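Notes to accompany the following structure.
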Amino acid sequence: MIEATTWPPRYDLSYRPAIDEPHWDRRLETMDPAERSVLILAKLKAQIAWCWERSPFYREKWQAAGFEPGDLRALDDFSRMPVLRKGELREEQAAHPPFGRYTCDEPSTWARIHGTSGTTGKPTGFIVSRDDMARISEAQARVMWGMGFRPSDTLFVASLFSLYMGSWGALLGGERLGMMCFPFGAGIPGMTKQALTWLREVKPSGFYGTPSYALRLAEVAVQEGLDPRALGLRKMFFSGEPGAGIPSVKARLEETFGAKVFDSGSTAEMTPWITDGECSERRGMHLWQDIVYAEVCDPQTFRPLPYGAEGTPVYTHLERTSMPMIRFAAGDLTTWTDEPCPCGRTYPRLPRGIYGRIDDQLTIRGENVFPSTIEEVLRREGYHDEYRIVVTREGTLDELTVRVETVERERDATRLSKTLRTVVGLRCEVDFVDVGTLPRSELKSRRVEDLRPKA
């Protein structure tokens, strides 16, 4: 439980709810939203004062925008603060290596250095202090308890233990919750067969990874003559990709493994807090607002949008002292709601999850296309193997081709092309290839090939 009068909050790390209690902290999770807004405002004031005092980066950024901590008198004032973008973090670390001036704790407090791979630019480093690690483990445990995980579960963590941060968050949460954890990892050739061997031996009830890797695991299991349901998994949660939030993908995962599937995640800058996370009802991810405050905003103005609207999440740490993110614009796309959830939690929800990244949106012949929309059609139509979305340009005309793996008897390119055209809104060629033709991923799949000449 929490010492309510302190910031940063200090948790009783020996606390654990009764096994039959559906909430980790019933008071916080079922709080009246108006009362929660008072709590959020108090945490925001403390978090922003901390950053103002200790971070020249934030102080300069906010002064340039004409904002000082004393200007935050009500929650509505918060949206006047400027958003923070990934590019700014890279630029700040390049100008002030290695970690920039938004690191607010002394190096003597640091416990971890994480980072991005740098595949789309200079790698970005993330610092986590020892006290932040404890708060992270508390947050992760809360969300995972809401999914239904209990100390009697064994959690198999099947994603990279390196720069990818979701693995570390799942491990921290599982350990704090009291589960036995198997940090197996992934990514090395041959590891998938080893994973199957260990899964058969250990019989874990829980699984964490990316949707792509779980589907790859199932594919290899079938090749080895093993029914994935025989692994005995009962609860599986995912992050890193939108797959677990796509209804047809979630249904396929549940059918394949005979397990309940939960969507979770946010961004590398905000993790390893998984504070977008589904509860046991699986009706979309809750935004656990008293841990990380999330707004869904207009992608151009970054003003908060009303419930029911589509926009981009903007996240703010409320309990982070080492490297806080304040109004971090994630670049994702989602829709939010405040409709009641049968679980009793009063947090807002993302009923469709995170279903795309603004950067991933393809503009083809004037139409905006999200790869997740195409995947939803393919899975719903029964095409369960790998696929690629290929965009080319002939002269001045863009062409869209979807390359789909399938067996001979399933090939009906004309029907699938018509279905895609109806949903996507433009002509789409379908190219069927044999199963096993396209590359597989041990982590996140890269399924879009935009071959158009760069401007």
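Just remember, in the structure tokens the first chain shown is A, the second B, etc., residues are 1-based per chain, and ligands are 1-based in the order shown.
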Taking 2 positions as the minimum chain separation for residues in the same chain, which residues sit within 12 Å of stretch 60-74 of chain A when counting only C-alpha atoms? Answer as a PyMOL selection string. chain A and resi 37-58+76-85+88-89+92+101-102+326-327
Please extract the residues of stretch 184-242 of chain A with a backbone DSSP assignment of helix (DSSP H, G or I) and present them as JSON, numbers by chain. {"A": [191, 192, 193, 194, 195, 196, 197, 198, 199, 200, 201, 202, 211, 212, 213, 214, 215, 216, 217, 218, 219, 220, 221, 222, 223, 228, 229, 230, 231]}
From stretch 106-292 of chain A, collect each residue whose DSSP state is strand (DSSP E) and return the set as a PyMOL selection string. chain A and resi 110-115+125-129+154-157+180-182+206-209+235-238+260-263+276-277+285-287+292
Could you save those same residues with N, CA and C atoms as a short mmCIF file (atom, residue, chain, number, x, y, z; two decimals), in the first residue's frame?
```
data_model
loop_
_atom_site.label_atom_id
_atom_site.label_comp_id
_atom_site.auth_asym_id
_atom_site.auth_seq_id
_atom_site.Cartn_x
_atom_site.Cartn_y
_atom_site.Cartn_z
N TRP A 110 21.36 5.70 -9.45
CA TRP A 110 20.96 4.98 -10.66
C TRP A 110 21.12 3.47 -10.48
N ALA A 111 20.15 2.74 -11.00
CA ALA A 111 20.21 1.27 -10.93
C ALA A 111 20.35 0.64 -12.31
N ARG A 112 19.75 1.26 -13.34
CA ARG A 112 19.73 0.66 -14.68
C ARG A 112 19.99 1.73 -15.74
N ILE A 113 20.64 1.31 -16.80
CA ILE A 113 20.69 2.06 -18.05
C ILE A 113 20.03 1.19 -19.11
N HIS A 114 18.98 1.70 -19.70
CA HIS A 114 18.34 1.04 -20.84
C HIS A 114 18.45 1.97 -22.04
N GLY A 115 17.90 1.57 -23.16
CA GLY A 115 17.98 2.43 -24.33
C GLY A 115 17.26 1.87 -25.52
N GLY A 125 19.22 6.89 -24.56
CA GLY A 125 19.44 6.19 -23.30
C GLY A 125 18.39 6.54 -22.27
N PHE A 126 18.05 5.59 -21.42
CA PHE A 126 17.08 5.79 -20.36
C PHE A 126 17.72 5.40 -19.02
N ILE A 127 17.57 6.26 -18.04
CA ILE A 127 18.10 6.02 -16.70
C ILE A 127 16.95 5.68 -15.76
N VAL A 128 17.15 4.67 -14.92
CA VAL A 128 16.16 4.30 -13.90
C VAL A 128 16.88 4.18 -12.56
N SER A 129 16.39 4.90 -11.55
CA SER A 129 17.01 4.86 -10.23
C SER A 129 16.51 3.65 -9.45
N THR A 154 3.14 -19.25 -12.65
CA THR A 154 4.51 -19.19 -13.14
C THR A 154 4.50 -18.41 -14.46
N LEU A 155 5.35 -17.40 -14.56
CA LEU A 155 5.36 -16.52 -15.73
C LEU A 155 6.57 -16.82 -16.61
N PHE A 156 6.32 -17.13 -17.86
CA PHE A 156 7.36 -17.37 -18.86
C PHE A 156 7.52 -16.09 -19.67
N VAL A 157 8.67 -15.43 -19.54
CA VAL A 157 8.92 -14.17 -20.24
C VAL A 157 9.69 -14.48 -21.52
N MET A 180 6.54 -17.15 -9.54
CA MET A 180 7.80 -17.71 -10.00
C MET A 180 7.96 -17.29 -11.46
N CYS A 181 9.11 -16.71 -11.79
CA CYS A 181 9.33 -16.17 -13.12
C CYS A 181 10.46 -16.89 -13.84
N PHE A 182 10.26 -17.10 -15.12
CA PHE A 182 11.26 -17.75 -15.97
C PHE A 182 11.65 -16.74 -17.05
N GLY A 206 1.46 -18.60 -17.15
CA GLY A 206 1.47 -17.27 -17.72
C GLY A 206 2.56 -17.08 -18.75
N PHE A 207 2.33 -16.15 -19.66
CA PHE A 207 3.26 -15.92 -20.77
C PHE A 207 3.27 -14.43 -21.06
N TYR A 208 4.47 -13.87 -21.29
CA TYR A 208 4.60 -12.50 -21.77
C TYR A 208 5.50 -12.49 -23.00
N GLY A 209 5.14 -11.69 -24.00
CA GLY A 209 5.96 -11.52 -25.19
C GLY A 209 5.28 -10.56 -26.14
N LYS A 235 -2.99 -17.68 -19.16
CA LYS A 235 -3.06 -16.22 -19.29
C LYS A 235 -1.83 -15.74 -20.05
N MET A 236 -2.05 -14.93 -21.08
CA MET A 236 -0.96 -14.41 -21.90
C MET A 236 -1.15 -12.91 -22.05
N PHE A 237 -0.11 -12.14 -21.75
CA PHE A 237 -0.24 -10.70 -22.00
C PHE A 237 0.90 -10.23 -22.88
N PHE A 238 0.61 -9.19 -23.65
CA PHE A 238 1.48 -8.77 -24.74
C PHE A 238 1.65 -7.26 -24.75
N LYS A 260 -6.46 -16.99 -22.06
CA LYS A 260 -6.99 -15.63 -22.10
C LYS A 260 -5.86 -14.69 -22.48
N VAL A 261 -6.15 -13.74 -23.37
CA VAL A 261 -5.14 -12.83 -23.90
C VAL A 261 -5.44 -11.41 -23.45
N PHE A 262 -4.39 -10.72 -22.98
CA PHE A 262 -4.52 -9.36 -22.47
C PHE A 262 -3.57 -8.43 -23.22
N ASP A 263 -4.07 -7.26 -23.53
CA ASP A 263 -3.29 -6.24 -24.22
C ASP A 263 -2.70 -5.29 -23.17
N ASP A 276 -0.85 1.19 -19.54
CA ASP A 276 -2.02 0.92 -20.37
C ASP A 276 -2.17 -0.60 -20.28
N GLY A 277 -3.20 -1.07 -19.63
CA GLY A 277 -3.30 -2.51 -19.47
C GLY A 277 -4.73 -2.97 -19.24
N MET A 285 -7.67 -1.52 -22.93
CA MET A 285 -6.72 -1.18 -21.88
C MET A 285 -7.21 -0.03 -21.02
N HIS A 286 -7.14 -0.21 -19.70
CA HIS A 286 -7.36 0.89 -18.78
C HIS A 286 -6.14 1.80 -18.80
N LEU A 287 -6.37 3.08 -18.57
CA LEU A 287 -5.30 4.04 -18.34
C LEU A 287 -5.21 4.24 -16.83
N VAL A 292 0.61 6.85 -14.20
CA VAL A 292 1.01 7.66 -15.35
C VAL A 292 -0.25 8.34 -15.87
#
```
Determine, counting only C-alpha atoms, which protein, DNA and RNA residues have an atom within 8 Å of an atom of A:His23; residues of the same chain fewer than 3 positions away are not included. Present the result as a ChimeraX atom specification. /A:17,26,29,142,145-146
Excluding A:Ala330 and its own-chain neighbours fewer than 2 positions away, which residues fall within 7 Å of it when counting only C-alpha atoms? Please give them as a PyMOL selection string. chain A and resi 267+312-314+328+332
Spatial neighbours of stretch 280-284 of chain A, max dist 12 Å, only C-alpha atoms, sep filter under 2 positions, as a ChimeraX atom specification: /A:22-23,143-149,235-237,242,244-247,250-251,260-265,276-278,286-287,334-345,347-355
Filtering to C-alpha atoms, could you give me those residues as a PDB file, in the first residue's frame?
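Here's the written file out-v4.pdb:
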```
ATOM      1  CA  PRO A  22      -9.821  -8.520  -7.711  1.00  0.00           C
ATOM      2  CA  HIS A  23      -8.086  -5.188  -7.067  1.00  0.00           C
ATOM      3  CA  VAL A 143      -1.769  -4.035 -13.600  1.00  0.00           C
ATOM      4  CA  MET A 144      -0.883  -7.738 -13.781  1.00  0.00           C
ATOM      5  CA  TRP A 145      -2.996  -8.482 -10.688  1.00  0.00           C
ATOM      6  CA  GLY A 146      -5.915  -6.825 -12.489  1.00  0.00           C
ATOM      7  CA  MET A 147      -5.415  -9.264 -15.373  1.00  0.00           C
ATOM      8  CA  GLY A 148      -5.819 -12.136 -12.928  1.00  0.00           C
ATOM      9  CA  PHE A 149      -2.222 -13.149 -12.241  1.00  0.00           C
ATOM     10  CA  LYS A 235      -3.065 -16.218 -19.290  1.00  0.00           C
ATOM     11  CA  MET A 236      -0.958 -14.414 -21.896  1.00  0.00           C
ATOM     12  CA  PHE A 237      -0.240 -10.700 -22.002  1.00  0.00           C
ATOM     13  CA  PRO A 242      -0.916  -3.615 -31.621  1.00  0.00           C
ATOM     14  CA  ALA A 244      -3.329  -8.148 -28.913  1.00  0.00           C
ATOM     15  CA  GLY A 245      -5.689  -5.179 -29.337  1.00  0.00           C
ATOM     16  CA  ILE A 246      -6.879  -6.308 -32.793  1.00  0.00           C
ATOM     17  CA  PRO A 247      -9.990  -8.460 -32.203  1.00  0.00           C
ATOM     18  CA  LYS A 250      -6.606 -11.703 -30.085  1.00  0.00           C
ATOM     19  CA  ALA A 251      -9.196 -14.329 -31.025  1.00  0.00           C
ATOM     20  CA  LYS A 260      -6.988 -15.634 -22.102  1.00  0.00           C
ATOM     21  CA  VAL A 261      -5.137 -12.833 -23.897  1.00  0.00           C
ATOM     22  CA  PHE A 262      -4.520  -9.362 -22.467  1.00  0.00           C
ATOM     23  CA  ASP A 263      -3.291  -6.238 -24.218  1.00  0.00           C
ATOM     24  CA  SER A 264      -0.850  -3.859 -22.508  1.00  0.00           C
ATOM     25  CA  GLY A 265       1.943  -1.382 -23.108  1.00  0.00           C
ATOM     26  CA  ASP A 276      -2.023   0.919 -20.367  1.00  0.00           C
ATOM     27  CA  GLY A 277      -3.299  -2.512 -19.467  1.00  0.00           C
ATOM     28  CA  GLU A 278      -6.430  -4.609 -19.718  1.00  0.00           C
ATOM     29  CA  HIS A 286      -7.356   0.889 -18.776  1.00  0.00           C
ATOM     30  CA  LEU A 287      -5.298   4.043 -18.338  1.00  0.00           C
ATOM     31  CA  THR A 334      -6.259   5.430 -30.226  1.00  0.00           C
ATOM     32  CA  THR A 335      -9.810   6.161 -29.085  1.00  0.00           C
ATOM     33  CA  TRP A 336     -10.781   6.505 -25.432  1.00  0.00           C
ATOM     34  CA  THR A 337     -13.929   6.135 -23.361  1.00  0.00           C
ATOM     35  CA  ASP A 338     -15.087   6.654 -19.788  1.00  0.00           C
ATOM     36  CA  GLU A 339     -17.875   4.080 -20.058  1.00  0.00           C
ATOM     37  CA  PRO A 340     -18.058   1.892 -16.924  1.00  0.00           C
ATOM     38  CA  CYS A 341     -16.164  -1.400 -16.879  1.00  0.00           C
ATOM     39  CA  PRO A 342     -17.678  -4.430 -15.089  1.00  0.00           C
ATOM     40  CA  CYS A 343     -14.410  -4.808 -13.157  1.00  0.00           C
ATOM     41  CA  GLY A 344     -15.364  -1.763 -11.090  1.00  0.00           C
ATOM     42  CA  ARG A 345     -12.295   0.298 -12.003  1.00  0.00           C
ATOM     43  CA  TYR A 347     -10.122   4.580 -15.098  1.00  0.00           C
ATOM     44  CA  PRO A 348     -10.668   5.609 -18.732  1.00  0.00           C
ATOM     45  CA  ARG A 349     -10.214   2.818 -21.273  1.00  0.00           C
ATOM     46  CA  LEU A 350      -8.881   2.391 -24.789  1.00  0.00           C
ATOM     47  CA  PRO A 351     -11.574   0.004 -26.107  1.00  0.00           C
ATOM     48  CA  ARG A 352      -9.674  -0.672 -29.342  1.00  0.00           C
ATOM     49  CA  GLY A 353      -6.225  -0.509 -27.779  1.00  0.00           C
ATOM     50  CA  ILE A 354      -3.394   1.256 -29.589  1.00  0.00           C
ATOM     51  CA  TYR A 355      -4.217   0.471 -33.186  1.00  0.00           C
TER      52      TYR A 355
END
```
Shell around stretch 412-418 of chain A at 9 Å using only C-alpha atoms, local window under 2 positions removed, as a PyMOL selection string: chain A and resi 377-378+381+402+409-410+420-423+427-432
I need the residues from that last selection saved to file as a short mmCIF file (atom, residue, chain, number, x, y, z; two decimals), in the first residue's frame (with C-alpha atoms), if you can.
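Contents of part.cif, freshly written:
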```cif
data_model
loop_
_atom_site.label_atom_id
_atom_site.label_comp_id
_atom_site.auth_asym_id
_atom_site.auth_seq_id
_atom_site.Cartn_x
_atom_site.Cartn_y
_atom_site.Cartn_z
CA VAL A 377 -9.05 -8.08 -42.50
CA LEU A 378 -6.54 -10.87 -43.14
CA GLU A 381 -10.80 -13.78 -43.36
CA VAL A 402 -0.57 -7.43 -49.95
CA ARG A 409 -6.67 -24.61 -51.18
CA GLU A 410 -7.15 -21.23 -49.48
CA LEU A 420 -9.63 -5.23 -48.74
CA ARG A 421 -10.84 -2.61 -51.21
CA THR A 422 -14.13 -2.31 -49.33
CA VAL A 423 -12.43 -1.83 -45.97
CA ARG A 427 -7.58 -0.96 -55.03
CA CYS A 428 -5.28 -3.60 -53.60
CA GLU A 429 -3.49 -6.41 -55.40
CA VAL A 430 -3.18 -9.73 -53.56
CA ASP A 431 -0.14 -11.93 -54.09
CA PHE A 432 -0.32 -15.37 -52.49
#
```
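When only C-alpha atoms are used to measure the gap to A:Arg446, the shortest distance among A:Thr30, A:Gln361, A:Gln194, A:Ser212 belongs to A:Ser212.
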From the set A:Ala294, A:Met325, A:Ala214, A:Leu426, which residue has the shortest atom-to-atom contact distance to A:Leu196, counting only C-alpha atoms? A:Ala214
Considering only C-alpha atoms, can you say which of A:Leu215, A:Met133, A:Ile19, A:Val390 comes closest to A:Arg320?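 Checking each candidate against A:Arg320, we get A:Met133 as the closest.
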Tell me, as an MDAnalysis selection string, which residues lie within 9 Å of A:Ala134, counting only C-alpha atoms; anything in the same chain fewer than 3 positions away does not count. chainID A and resid 10:11 13 129:131 137:139 172 176
